[in-house]
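Structure data (compact mmCIF, N, CA and C atoms) from protein-v2.txt:
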# COMPACT_ATOMS: atom_id res chain seq x y z
N GLN G 74 108.65 52.76 294.70
CA GLN G 74 108.73 54.19 294.95
C GLN G 74 108.02 54.52 296.26
N VAL G 75 108.64 55.31 297.08
CA VAL G 75 108.07 55.72 298.36
C VAL G 75 108.02 57.24 298.41
N GLN G 76 106.90 57.77 298.78
CA GLN G 76 106.78 59.21 299.01
C GLN G 76 106.55 59.45 300.49
N LEU G 77 107.23 60.46 301.02
CA LEU G 77 107.19 60.75 302.46
C LEU G 77 106.65 62.16 302.68
N VAL G 78 105.74 62.30 303.62
CA VAL G 78 105.16 63.60 303.94
C VAL G 78 105.26 63.82 305.45
N GLU G 79 106.02 64.85 305.84
CA GLU G 79 106.17 65.17 307.26
C GLU G 79 105.09 66.15 307.70
N SER G 80 104.79 66.10 308.98
CA SER G 80 103.88 67.07 309.59
C SER G 80 104.21 67.17 311.07
N GLY G 81 103.68 68.21 311.71
CA GLY G 81 103.82 68.34 313.15
C GLY G 81 104.82 69.38 313.61
N GLY G 82 105.51 70.02 312.68
CA GLY G 82 106.45 71.06 313.08
C GLY G 82 105.73 72.32 313.54
N GLY G 83 106.50 73.26 314.06
CA GLY G 83 105.91 74.52 314.49
C GLY G 83 106.83 75.26 315.43
N LEU G 84 106.25 76.26 316.09
CA LEU G 84 106.97 77.08 317.05
C LEU G 84 106.63 76.61 318.46
N VAL G 85 107.65 76.40 319.27
CA VAL G 85 107.46 75.93 320.63
C VAL G 85 108.46 76.62 321.54
N GLN G 86 108.08 76.83 322.77
CA GLN G 86 108.97 77.46 323.74
C GLN G 86 110.00 76.45 324.25
N PRO G 87 111.14 76.93 324.69
CA PRO G 87 112.13 76.02 325.28
C PRO G 87 111.51 75.20 326.41
N GLY G 88 111.84 73.92 326.42
CA GLY G 88 111.25 73.01 327.40
C GLY G 88 109.97 72.34 326.94
N GLY G 89 109.45 72.79 325.82
CA GLY G 89 108.20 72.24 325.30
C GLY G 89 108.41 70.96 324.51
N SER G 90 107.30 70.47 323.95
CA SER G 90 107.31 69.20 323.21
C SER G 90 106.62 69.36 321.87
N LEU G 91 107.04 68.54 320.93
CA LEU G 91 106.39 68.41 319.64
C LEU G 91 106.48 66.95 319.22
N ARG G 92 105.51 66.52 318.42
CA ARG G 92 105.59 65.20 317.81
C ARG G 92 105.51 65.35 316.31
N LEU G 93 106.56 64.90 315.64
CA LEU G 93 106.58 64.91 314.18
C LEU G 93 106.07 63.58 313.65
N SER G 94 105.36 63.64 312.55
CA SER G 94 104.87 62.44 311.88
C SER G 94 105.39 62.40 310.45
N CYS G 95 105.63 61.21 309.97
CA CYS G 95 106.07 61.00 308.58
C CYS G 95 105.19 59.90 307.99
N ALA G 96 104.35 60.28 307.07
CA ALA G 96 103.45 59.33 306.43
C ALA G 96 104.05 58.89 305.10
N ALA G 97 104.17 57.59 304.91
CA ALA G 97 104.74 57.04 303.68
C ALA G 97 103.63 56.55 302.76
N SER G 98 103.83 56.76 301.45
CA SER G 98 102.80 56.36 300.48
C SER G 98 102.83 54.86 300.23
N GLY G 99 104.02 54.26 300.40
CA GLY G 99 104.13 52.84 300.18
C GLY G 99 104.49 52.13 301.46
N SER G 100 104.62 50.82 301.39
CA SER G 100 104.98 50.05 302.58
C SER G 100 106.41 50.35 303.00
N ILE G 101 106.58 50.62 304.28
CA ILE G 101 107.92 50.88 304.83
C ILE G 101 108.32 49.81 305.82
N PHE G 102 107.59 48.69 305.78
CA PHE G 102 107.87 47.67 306.79
C PHE G 102 109.27 47.11 306.62
N SER G 103 109.53 46.55 305.52
CA SER G 103 110.82 45.94 305.26
C SER G 103 111.08 46.00 303.76
N PRO G 104 112.24 46.28 303.31
CA PRO G 104 113.48 46.33 304.08
C PRO G 104 114.00 47.76 304.29
N TYR G 105 113.16 48.62 304.84
CA TYR G 105 113.56 50.01 305.02
C TYR G 105 113.95 50.33 306.46
N ALA G 106 115.04 51.08 306.58
CA ALA G 106 115.33 51.77 307.83
C ALA G 106 114.81 53.18 307.68
N MET G 107 114.18 53.68 308.73
CA MET G 107 113.59 55.01 308.70
C MET G 107 114.39 55.92 309.61
N GLY G 108 114.51 57.18 309.20
CA GLY G 108 115.26 58.11 310.02
C GLY G 108 114.71 59.51 309.96
N TRP G 109 115.04 60.28 310.99
CA TRP G 109 114.79 61.71 311.01
C TRP G 109 116.12 62.43 311.00
N TYR G 110 116.24 63.36 310.08
CA TYR G 110 117.42 64.22 309.97
C TYR G 110 116.98 65.66 310.20
N ARG G 111 117.96 66.52 310.47
CA ARG G 111 117.64 67.93 310.58
C ARG G 111 118.77 68.77 309.98
N GLN G 112 118.38 69.95 309.55
CA GLN G 112 119.36 70.87 308.99
C GLN G 112 119.05 72.28 309.46
N ALA G 113 119.99 72.83 310.21
CA ALA G 113 119.87 74.20 310.69
C ALA G 113 120.53 75.14 309.67
N PRO G 114 120.16 76.41 309.68
CA PRO G 114 120.75 77.35 308.72
C PRO G 114 122.27 77.37 308.81
N GLY G 115 122.93 77.24 307.67
CA GLY G 115 124.38 77.29 307.62
C GLY G 115 125.08 76.02 308.08
N LYS G 116 124.31 74.98 308.37
CA LYS G 116 124.90 73.73 308.84
C LYS G 116 124.54 72.58 307.92
N GLN G 117 125.30 71.50 308.04
CA GLN G 117 125.02 70.31 307.25
C GLN G 117 123.85 69.53 307.83
N ARG G 118 123.18 68.79 306.97
CA ARG G 118 122.11 67.91 307.44
C ARG G 118 122.72 66.83 308.32
N GLU G 119 122.07 66.53 309.45
CA GLU G 119 122.60 65.55 310.38
C GLU G 119 121.51 64.57 310.80
N LEU G 120 121.94 63.35 311.10
CA LEU G 120 121.00 62.34 311.58
C LEU G 120 120.62 62.64 313.02
N VAL G 121 119.32 62.61 313.28
CA VAL G 121 118.81 62.82 314.63
C VAL G 121 118.49 61.47 315.27
N ALA G 122 117.75 60.64 314.55
CA ALA G 122 117.33 59.34 315.10
C ALA G 122 116.99 58.43 313.94
N ALA G 123 117.18 57.12 314.17
CA ALA G 123 116.86 56.14 313.14
C ALA G 123 116.26 54.91 313.79
N ILE G 124 115.48 54.16 312.99
CA ILE G 124 114.83 52.95 313.50
C ILE G 124 114.79 51.93 312.37
N THR G 125 115.14 50.68 312.72
CA THR G 125 115.10 49.61 311.72
C THR G 125 113.71 49.00 311.64
N SER G 126 113.54 48.09 310.70
CA SER G 126 112.25 47.41 310.59
C SER G 126 111.97 46.55 311.81
N GLY G 127 113.04 46.17 312.52
CA GLY G 127 112.88 45.42 313.76
C GLY G 127 112.80 46.31 314.98
N SER G 128 112.67 47.62 314.75
CA SER G 128 112.51 48.63 315.81
C SER G 128 113.74 48.84 316.67
N ARG G 129 114.90 48.52 316.15
CA ARG G 129 116.13 48.94 316.84
C ARG G 129 116.33 50.42 316.55
N THR G 130 116.73 51.17 317.56
CA THR G 130 116.84 52.61 317.43
C THR G 130 118.26 53.10 317.65
N ASN G 131 118.52 54.28 317.10
CA ASN G 131 119.82 54.92 317.24
C ASN G 131 119.58 56.42 317.31
N TYR G 132 120.28 57.11 318.22
CA TYR G 132 120.06 58.54 318.42
C TYR G 132 121.37 59.30 318.40
N GLN G 133 121.27 60.53 317.92
CA GLN G 133 122.38 61.46 318.07
C GLN G 133 122.54 61.74 319.56
N ASP G 134 123.79 61.89 320.01
CA ASP G 134 124.04 62.06 321.44
C ASP G 134 123.27 63.25 322.03
N SER G 135 123.14 64.32 321.27
CA SER G 135 122.54 65.54 321.81
C SER G 135 121.04 65.40 322.08
N VAL G 136 120.40 64.36 321.55
CA VAL G 136 118.95 64.21 321.74
C VAL G 136 118.60 63.00 322.58
N LYS G 137 119.59 62.21 322.98
CA LYS G 137 119.33 61.03 323.80
C LYS G 137 118.64 61.42 325.10
N GLY G 138 117.59 60.68 325.42
CA GLY G 138 116.83 60.97 326.63
C GLY G 138 115.76 62.02 326.45
N ARG G 139 115.78 62.73 325.31
CA ARG G 139 114.77 63.77 325.06
C ARG G 139 113.86 63.40 323.88
N PHE G 140 114.43 62.77 322.87
CA PHE G 140 113.68 62.41 321.67
C PHE G 140 113.45 60.91 321.62
N SER G 141 112.35 60.53 320.97
CA SER G 141 112.03 59.11 320.83
C SER G 141 111.45 58.87 319.44
N ILE G 142 112.04 57.93 318.71
CA ILE G 142 111.56 57.57 317.38
C ILE G 142 110.77 56.28 317.47
N SER G 143 109.70 56.21 316.71
CA SER G 143 108.89 54.99 316.69
C SER G 143 108.28 54.84 315.29
N ARG G 144 107.81 53.64 315.01
CA ARG G 144 107.20 53.40 313.71
C ARG G 144 105.97 52.54 313.85
N ASP G 145 104.98 52.84 313.03
CA ASP G 145 103.75 52.07 312.95
C ASP G 145 103.73 51.45 311.56
N ASN G 146 104.21 50.21 311.46
CA ASN G 146 104.33 49.60 310.14
C ASN G 146 102.97 49.36 309.48
N ALA G 147 101.97 49.09 310.28
CA ALA G 147 100.63 48.83 309.72
C ALA G 147 100.08 50.06 309.01
N ASN G 148 100.44 51.25 309.54
CA ASN G 148 99.94 52.50 308.97
C ASN G 148 101.01 53.27 308.21
N ASN G 149 102.17 52.62 308.01
CA ASN G 149 103.26 53.24 307.23
C ASN G 149 103.59 54.64 307.73
N THR G 150 103.76 54.76 309.03
CA THR G 150 104.03 56.07 309.64
C THR G 150 105.18 55.96 310.63
N VAL G 151 106.00 56.97 310.63
CA VAL G 151 107.11 57.07 311.58
C VAL G 151 106.92 58.35 312.38
N TYR G 152 107.25 58.29 313.66
CA TYR G 152 107.06 59.42 314.55
C TYR G 152 108.38 59.82 315.20
N LEU G 153 108.47 61.09 315.55
CA LEU G 153 109.57 61.57 316.37
C LEU G 153 108.97 62.41 317.49
N GLN G 154 108.98 61.86 318.68
CA GLN G 154 108.51 62.59 319.86
C GLN G 154 109.69 63.38 320.41
N MET G 155 109.52 64.68 320.50
CA MET G 155 110.59 65.56 320.95
C MET G 155 110.16 66.26 322.22
N ASN G 156 110.86 66.00 323.31
CA ASN G 156 110.58 66.60 324.59
C ASN G 156 111.75 67.47 325.04
N SER G 157 111.50 68.31 326.01
CA SER G 157 112.54 69.19 326.57
C SER G 157 113.32 69.91 325.46
N LEU G 158 112.58 70.48 324.55
CA LEU G 158 113.22 71.10 323.39
C LEU G 158 114.06 72.30 323.78
N LYS G 159 115.15 72.46 323.03
CA LYS G 159 116.10 73.54 323.26
C LYS G 159 116.21 74.42 322.01
N PRO G 160 116.63 75.66 322.16
CA PRO G 160 116.78 76.51 320.97
C PRO G 160 117.68 75.88 319.90
N GLU G 161 118.68 75.13 320.33
CA GLU G 161 119.59 74.50 319.37
C GLU G 161 118.95 73.34 318.59
N ASP G 162 117.74 72.97 318.96
CA ASP G 162 117.00 71.97 318.18
C ASP G 162 116.30 72.60 316.97
N THR G 163 116.34 73.92 316.89
CA THR G 163 115.70 74.61 315.77
C THR G 163 116.34 74.21 314.45
N ALA G 164 115.50 73.74 313.52
CA ALA G 164 116.00 73.27 312.23
C ALA G 164 114.80 72.84 311.38
N VAL G 165 115.09 72.54 310.12
CA VAL G 165 114.12 71.83 309.29
C VAL G 165 114.38 70.35 309.49
N TYR G 166 113.32 69.62 309.82
CA TYR G 166 113.42 68.19 310.08
C TYR G 166 112.91 67.42 308.87
N TYR G 167 113.70 66.44 308.44
CA TYR G 167 113.39 65.65 307.25
C TYR G 167 113.24 64.18 307.62
N CYS G 168 112.25 63.57 307.02
CA CYS G 168 112.06 62.12 307.15
C CYS G 168 112.82 61.44 306.01
N ASN G 169 113.41 60.29 306.32
CA ASN G 169 114.19 59.54 305.34
C ASN G 169 113.83 58.06 305.40
N ALA G 170 113.71 57.46 304.22
CA ALA G 170 113.52 56.01 304.11
C ALA G 170 114.69 55.45 303.32
N LYS G 171 115.40 54.52 303.92
CA LYS G 171 116.60 53.98 303.30
C LYS G 171 116.40 52.49 303.07
N ARG G 172 116.37 52.12 301.79
CA ARG G 172 116.19 50.72 301.46
C ARG G 172 117.50 49.97 301.72
N LEU G 173 117.45 48.86 302.40
CA LEU G 173 118.65 48.18 302.87
C LEU G 173 119.09 47.03 301.98
N VAL G 174 118.27 46.69 300.98
CA VAL G 174 118.65 45.66 300.01
C VAL G 174 118.50 46.26 298.63
N PRO G 175 119.24 45.75 297.64
CA PRO G 175 119.16 46.35 296.29
C PRO G 175 117.75 46.31 295.74
N PRO G 176 117.33 47.33 295.05
CA PRO G 176 118.05 48.58 294.80
C PRO G 176 118.10 49.45 296.06
N LEU G 177 119.28 50.00 296.34
CA LEU G 177 119.51 50.75 297.57
C LEU G 177 119.00 52.18 297.42
N ASN G 178 117.69 52.33 297.33
CA ASN G 178 117.09 53.65 297.16
C ASN G 178 117.03 54.41 298.47
N ASP G 179 117.00 55.71 298.32
CA ASP G 179 117.00 56.64 299.45
C ASP G 179 115.91 57.67 299.16
N TYR G 180 114.93 57.77 300.04
CA TYR G 180 113.81 58.69 299.82
C TYR G 180 113.77 59.74 300.92
N TRP G 181 113.36 60.97 300.53
CA TRP G 181 113.29 62.09 301.48
C TRP G 181 111.93 62.77 301.41
N GLY G 182 111.49 63.25 302.55
CA GLY G 182 110.32 64.11 302.58
C GLY G 182 110.72 65.54 302.29
N GLN G 183 109.73 66.43 302.29
CA GLN G 183 109.97 67.83 301.95
C GLN G 183 110.46 68.65 303.14
N GLY G 184 110.35 68.12 304.33
CA GLY G 184 110.83 68.80 305.52
C GLY G 184 109.74 69.56 306.25
N THR G 185 109.91 69.69 307.56
CA THR G 185 109.01 70.47 308.38
C THR G 185 109.83 71.31 309.35
N GLN G 186 109.46 72.57 309.49
CA GLN G 186 110.24 73.50 310.30
C GLN G 186 109.89 73.35 311.78
N VAL G 187 110.92 73.24 312.60
CA VAL G 187 110.77 73.26 314.05
C VAL G 187 111.56 74.45 314.58
N THR G 188 110.88 75.33 315.30
CA THR G 188 111.52 76.50 315.86
C THR G 188 111.28 76.51 317.36
N VAL G 189 112.38 76.54 318.11
CA VAL G 189 112.30 76.57 319.57
C VAL G 189 112.77 77.94 320.03
N SER G 190 111.84 78.72 320.53
CA SER G 190 112.15 80.10 320.89
C SER G 190 111.13 80.62 321.88
N SER G 191 111.60 81.50 322.77
CA SER G 191 110.69 82.14 323.71
C SER G 191 110.19 83.47 323.15
Now, as a test, write the supplied structure out as structure tokens.
Amino acid sequence: QVQLVESGGGLVQPGGSLRLSCAASGSIFSPYAMGWYRQAPGKQRELVAAITSGSRTNYQDSVKGRFSISRDNANNTVYLQMNSLKPEDTAVYYCNAKRLVPPLNDYWGQGTQVTVSS
């Protein structure tokens, strides 16, 4: 069982930066892929960025070059560094842990609000 707790959200002006953190209660080293998703009002939840246990990364096209995902396996923490934020980045951001071998469990955090507005 893995529990995820996000932090670091808030209100930021366009062009600003935020760093989100996701602290896991259990080991997330392997065999978990970690990801950040977001959900804006009236829209479906979408993948923003993901990272494997080997630190391979994948990003949604709209955040490439602005966001960076990283993981600290020793401290069971995943980060999302968000730079050059835009109003369209406004959403609730969720941390996800996806187990890649059976049992194929999927864990979610409670979410943290990010609002980009002047």
- Message: Rounded to one decimal, what separation in Å do you get between atom CA of Gly89 of chain G and atom CA of Val189 of chain G?
- Response: 8.3 Å
- Could you work out how far atom CA of Val174 of chain G lies from atom CA of Tyr105 of chain G, giving the answer in Å with one decimal?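 Here the two named atoms are 8.4 Å from each other.
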- Task: Using only N, CA and C atoms, find the one residue out of G:Ser126, G:Gln154, G:Gln183, G:Met107 that sits nearest to Phe140 of chain G.
- Result: G:Gln154
- Message: Please determine, counting all atoms listed in the file, which residue among G:Gln117, G:Glu79, G:Ala97, G:Pro87 has the shortest atom-to-atom distance to Tyr167 of chain G.
- Response: G:Glu79
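In this comparison, which uses only N, CA and C atoms, the residue of G:Thr130, G:Thr188, G:Val121, G:Arg139 approaching Asp162 of chain G most closely is G:Thr188.
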- Task: Counting all atoms listed in the file, figure out which residue out of G:Ile142, G:Ala164, G:Leu177, G:Tyr132 gets nearest to Pro114 of chain G.
- Result: G:Ala164
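Here atom N of Asn156 of chain G is placed at a distance of 9.2 Å from atom C of Lys137 of chain G.
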Written record: segment 78-112 of chain G, N, CA, C and O atoms, as a PDB file, in the first residue's frame:
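After the write, result_2.pdb holds the following:
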ATOM      1  N   VAL G  78       1.082  12.172  -0.685  1.00  0.00           N
ATOM      2  CA  VAL G  78       0.659  13.478  -0.181  1.00  0.00           C
ATOM      3  C   VAL G  78       1.366  14.563  -0.984  1.00  0.00           C
ATOM      4  O   VAL G  78       2.600  14.654  -0.954  1.00  0.00           O
ATOM      5  N   GLU G  79       0.567  15.374  -1.693  1.00  0.00           N
ATOM      6  CA  GLU G  79       1.130  16.461  -2.495  1.00  0.00           C
ATOM      7  C   GLU G  79       1.221  17.735  -1.660  1.00  0.00           C
ATOM      8  O   GLU G  79       0.435  17.949  -0.745  1.00  0.00           O
ATOM      9  N   SER G  80       2.154  18.588  -2.042  1.00  0.00           N
ATOM     10  CA  SER G  80       2.274  19.916  -1.447  1.00  0.00           C
ATOM     11  C   SER G  80       2.941  20.840  -2.448  1.00  0.00           C
ATOM     12  O   SER G  80       3.508  20.376  -3.450  1.00  0.00           O
ATOM     13  N   GLY G  81       2.864  22.131  -2.178  1.00  0.00           N
ATOM     14  CA  GLY G  81       3.572  23.103  -3.004  1.00  0.00           C
ATOM     15  C   GLY G  81       2.697  23.907  -3.942  1.00  0.00           C
ATOM     16  O   GLY G  81       3.199  24.797  -4.638  1.00  0.00           O
ATOM     17  N   GLY G  82       1.413  23.609  -3.989  1.00  0.00           N
ATOM     18  CA  GLY G  82       0.534  24.386  -4.853  1.00  0.00           C
ATOM     19  C   GLY G  82       0.288  25.777  -4.299  1.00  0.00           C
ATOM     20  O   GLY G  82       0.712  26.102  -3.190  1.00  0.00           O
ATOM     21  N   GLY G  83      -0.380  26.602  -5.097  1.00  0.00           N
ATOM     22  CA  GLY G  83      -0.696  27.947  -4.643  1.00  0.00           C
ATOM     23  C   GLY G  83      -1.047  28.856  -5.794  1.00  0.00           C
ATOM     24  O   GLY G  83      -1.283  28.399  -6.917  1.00  0.00           O
ATOM     25  N   LEU G  84      -1.061  30.145  -5.493  1.00  0.00           N
ATOM     26  CA  LEU G  84      -1.368  31.171  -6.478  1.00  0.00           C
ATOM     27  C   LEU G  84      -0.065  31.804  -6.954  1.00  0.00           C
ATOM     28  O   LEU G  84       0.773  32.203  -6.129  1.00  0.00           O
ATOM     29  N   VAL G  85       0.102  31.895  -8.265  1.00  0.00           N
ATOM     30  CA  VAL G  85       1.310  32.465  -8.835  1.00  0.00           C
ATOM     31  C   VAL G  85       0.935  33.290 -10.058  1.00  0.00           C
ATOM     32  O   VAL G  85      -0.044  32.990 -10.742  1.00  0.00           O
ATOM     33  N   GLN G  86       1.705  34.321 -10.316  1.00  0.00           N
ATOM     34  CA  GLN G  86       1.458  35.158 -11.484  1.00  0.00           C
ATOM     35  C   GLN G  86       1.971  34.479 -12.753  1.00  0.00           C
ATOM     36  O   GLN G  86       2.891  33.648 -12.694  1.00  0.00           O
ATOM     37  N   PRO G  87       1.395  34.824 -13.884  1.00  0.00           N
ATOM     38  CA  PRO G  87       1.913  34.279 -15.147  1.00  0.00           C
ATOM     39  C   PRO G  87       3.409  34.551 -15.283  1.00  0.00           C
ATOM     40  O   PRO G  87       3.880  35.655 -14.958  1.00  0.00           O
ATOM     41  N   GLY G  88       4.127  33.529 -15.739  1.00  0.00           N
ATOM     42  CA  GLY G  88       5.578  33.631 -15.848  1.00  0.00           C
ATOM     43  C   GLY G  88       6.322  33.180 -14.609  1.00  0.00           C
ATOM     44  O   GLY G  88       7.549  33.037 -14.643  1.00  0.00           O
ATOM     45  N   GLY G  89       5.589  32.934 -13.548  1.00  0.00           N
ATOM     46  CA  GLY G  89       6.210  32.523 -12.292  1.00  0.00           C
ATOM     47  C   GLY G  89       6.504  31.035 -12.246  1.00  0.00           C
ATOM     48  O   GLY G  89       6.289  30.303 -13.221  1.00  0.00           O
ATOM     49  N   SER G  90       6.997  30.600 -11.078  1.00  0.00           N
ATOM     50  CA  SER G  90       7.398  29.201 -10.891  1.00  0.00           C
ATOM     51  C   SER G  90       6.812  28.643  -9.608  1.00  0.00           C
ATOM     52  O   SER G  90       6.570  29.389  -8.641  1.00  0.00           O
ATOM     53  N   LEU G  91       6.610  27.347  -9.610  1.00  0.00           N
ATOM     54  CA  LEU G  91       6.224  26.601  -8.422  1.00  0.00           C
ATOM     55  C   LEU G  91       6.905  25.244  -8.485  1.00  0.00           C
ATOM     56  O   LEU G  91       7.170  24.728  -9.586  1.00  0.00           O
ATOM     57  N   ARG G  92       7.152  24.672  -7.314  1.00  0.00           N
ATOM     58  CA  ARG G  92       7.642  23.297  -7.253  1.00  0.00           C
ATOM     59  C   ARG G  92       6.680  22.476  -6.417  1.00  0.00           C
ATOM     60  O   ARG G  92       6.482  22.768  -5.226  1.00  0.00           O
ATOM     61  N   LEU G  93       6.114  21.459  -7.036  1.00  0.00           N
ATOM     62  CA  LEU G  93       5.232  20.542  -6.325  1.00  0.00           C
ATOM     63  C   LEU G  93       6.035  19.357  -5.802  1.00  0.00           C
ATOM     64  O   LEU G  93       6.973  18.900  -6.463  1.00  0.00           O
ATOM     65  N   SER G  94       5.654  18.892  -4.638  1.00  0.00           N
ATOM     66  CA  SER G  94       6.283  17.714  -4.045  1.00  0.00           C
ATOM     67  C   SER G  94       5.228  16.652  -3.785  1.00  0.00           C
ATOM     68  O   SER G  94       4.073  16.972  -3.473  1.00  0.00           O
ATOM     69  N   CYS G  95       5.629  15.409  -3.904  1.00  0.00           N
ATOM     70  CA  CYS G  95       4.746  14.276  -3.619  1.00  0.00           C
ATOM     71  C   CYS G  95       5.521  13.316  -2.718  1.00  0.00           C
ATOM     72  O   CYS G  95       6.489  12.688  -3.174  1.00  0.00           O
ATOM     73  N   ALA G  96       5.101  13.228  -1.486  1.00  0.00           N
ATOM     74  CA  ALA G  96       5.759  12.350  -0.525  1.00  0.00           C
ATOM     75  C   ALA G  96       4.991  11.039  -0.430  1.00  0.00           C
ATOM     76  O   ALA G  96       3.770  11.034  -0.217  1.00  0.00           O
ATOM     77  N   ALA G  97       5.695   9.932  -0.612  1.00  0.00           N
ATOM     78  CA  ALA G  97       5.075   8.613  -0.557  1.00  0.00           C
ATOM     79  C   ALA G  97       5.355   7.955   0.781  1.00  0.00           C
ATOM     80  O   ALA G  97       6.453   8.075   1.325  1.00  0.00           O
ATOM     81  N   SER G  98       4.348   7.231   1.297  1.00  0.00           N
ATOM     82  CA  SER G  98       4.500   6.588   2.604  1.00  0.00           C
ATOM     83  C   SER G  98       5.338   5.323   2.510  1.00  0.00           C
ATOM     84  O   SER G  98       5.959   4.920   3.477  1.00  0.00           O
ATOM     85  N   GLY G  99       5.309   4.692   1.324  1.00  0.00           N
ATOM     86  CA  GLY G  99       6.078   3.479   1.149  1.00  0.00           C
ATOM     87  C   GLY G  99       7.152   3.675   0.109  1.00  0.00           C
ATOM     88  O   GLY G  99       7.296   4.756  -0.459  1.00  0.00           O
ATOM     89  N   SER G 100       7.923   2.636  -0.142  1.00  0.00           N
ATOM     90  CA  SER G 100       8.977   2.736  -1.146  1.00  0.00           C
ATOM     91  C   SER G 100       8.393   2.857  -2.542  1.00  0.00           C
ATOM     92  O   SER G 100       7.511   2.106  -2.932  1.00  0.00           O
ATOM     93  N   ILE G 101       8.892   3.816  -3.290  1.00  0.00           N
ATOM     94  CA  ILE G 101       8.441   4.013  -4.674  1.00  0.00           C
ATOM     95  C   ILE G 101       9.565   3.754  -5.655  1.00  0.00           C
ATOM     96  O   ILE G 101       9.503   4.129  -6.814  1.00  0.00           O
ATOM     97  N   PHE G 102      10.619   3.099  -5.157  1.00  0.00           N
ATOM     98  CA  PHE G 102      11.776   2.917  -6.034  1.00  0.00           C
ATOM     99  C   PHE G 102      11.419   2.047  -7.220  1.00  0.00           C
ATOM    100  O   PHE G 102      11.502   2.467  -8.366  1.00  0.00           O
ATOM    101  N   SER G 103      11.025   0.870  -6.969  1.00  0.00           N
ATOM    102  CA  SER G 103      10.697  -0.066  -8.033  1.00  0.00           C
ATOM    103  C   SER G 103       9.649  -1.030  -7.492  1.00  0.00           C
ATOM    104  O   SER G 103       9.759  -1.441  -6.347  1.00  0.00           O
ATOM    105  N   PRO G 104       8.673  -1.403  -8.225  1.00  0.00           N
ATOM    106  CA  PRO G 104       8.534  -1.201  -9.668  1.00  0.00           C
ATOM    107  C   PRO G 104       7.475  -0.150 -10.028  1.00  0.00           C
ATOM    108  O   PRO G 104       6.550  -0.423 -10.767  1.00  0.00           O
ATOM    109  N   TYR G 105       7.609   1.042  -9.466  1.00  0.00           N
ATOM    110  CA  TYR G 105       6.607   2.066  -9.712  1.00  0.00           C
ATOM    111  C   TYR G 105       7.070   3.112 -10.720  1.00  0.00           C
ATOM    112  O   TYR G 105       8.198   3.600 -10.648  1.00  0.00           O
ATOM    113  N   ALA G 106       6.152   3.459 -11.613  1.00  0.00           N
ATOM    114  CA  ALA G 106       6.307   4.676 -12.399  1.00  0.00           C
ATOM    115  C   ALA G 106       5.509   5.750 -11.692  1.00  0.00           C
ATOM    116  O   ALA G 106       4.396   5.502 -11.214  1.00  0.00           O
ATOM    117  N   MET G 107       6.081   6.938 -11.605  1.00  0.00           N
ATOM    118  CA  MET G 107       5.432   8.044 -10.915  1.00  0.00           C
ATOM    119  C   MET G 107       5.013   9.088 -11.928  1.00  0.00           C
ATOM    120  O   MET G 107       5.700   9.333 -12.925  1.00  0.00           O
ATOM    121  N   GLY G 108       3.880   9.717 -11.662  1.00  0.00           N
ATOM    122  CA  GLY G 108       3.403  10.728 -12.596  1.00  0.00           C
ATOM    123  C   GLY G 108       2.679  11.855 -11.911  1.00  0.00           C
ATOM    124  O   GLY G 108       2.233  11.734 -10.770  1.00  0.00           O
ATOM    125  N   TRP G 109       2.629  12.977 -12.601  1.00  0.00           N
ATOM    126  CA  TRP G 109       1.800  14.114 -12.202  1.00  0.00           C
ATOM    127  C   TRP G 109       0.711  14.289 -13.247  1.00  0.00           C
ATOM    128  O   TRP G 109       0.987  14.313 -14.454  1.00  0.00           O
ATOM    129  N   TYR G 110      -0.510  14.363 -12.766  1.00  0.00           N
ATOM    130  CA  TYR G 110      -1.674  14.619 -13.607  1.00  0.00           C
ATOM    131  C   TYR G 110      -2.300  15.935 -13.160  1.00  0.00           C
ATOM    132  O   TYR G 110      -2.034  16.416 -12.060  1.00  0.00           O
ATOM    133  N   ARG G 111      -3.159  16.482 -14.016  1.00  0.00           N
ATOM    134  CA  ARG G 111      -3.889  17.671 -13.612  1.00  0.00           C
ATOM    135  C   ARG G 111      -5.310  17.621 -14.166  1.00  0.00           C
ATOM    136  O   ARG G 111      -5.567  16.974 -15.182  1.00  0.00           O
ATOM    137  N   GLN G 112      -6.182  18.311 -13.467  1.00  0.00           N
ATOM    138  CA  GLN G 112      -7.566  18.378 -13.897  1.00  0.00           C
ATOM    139  C   GLN G 112      -8.085  19.793 -13.680  1.00  0.00           C
ATOM    140  O   GLN G 112      -8.133  20.288 -12.553  1.00  0.00           O
TER     141      GLN G 112
END
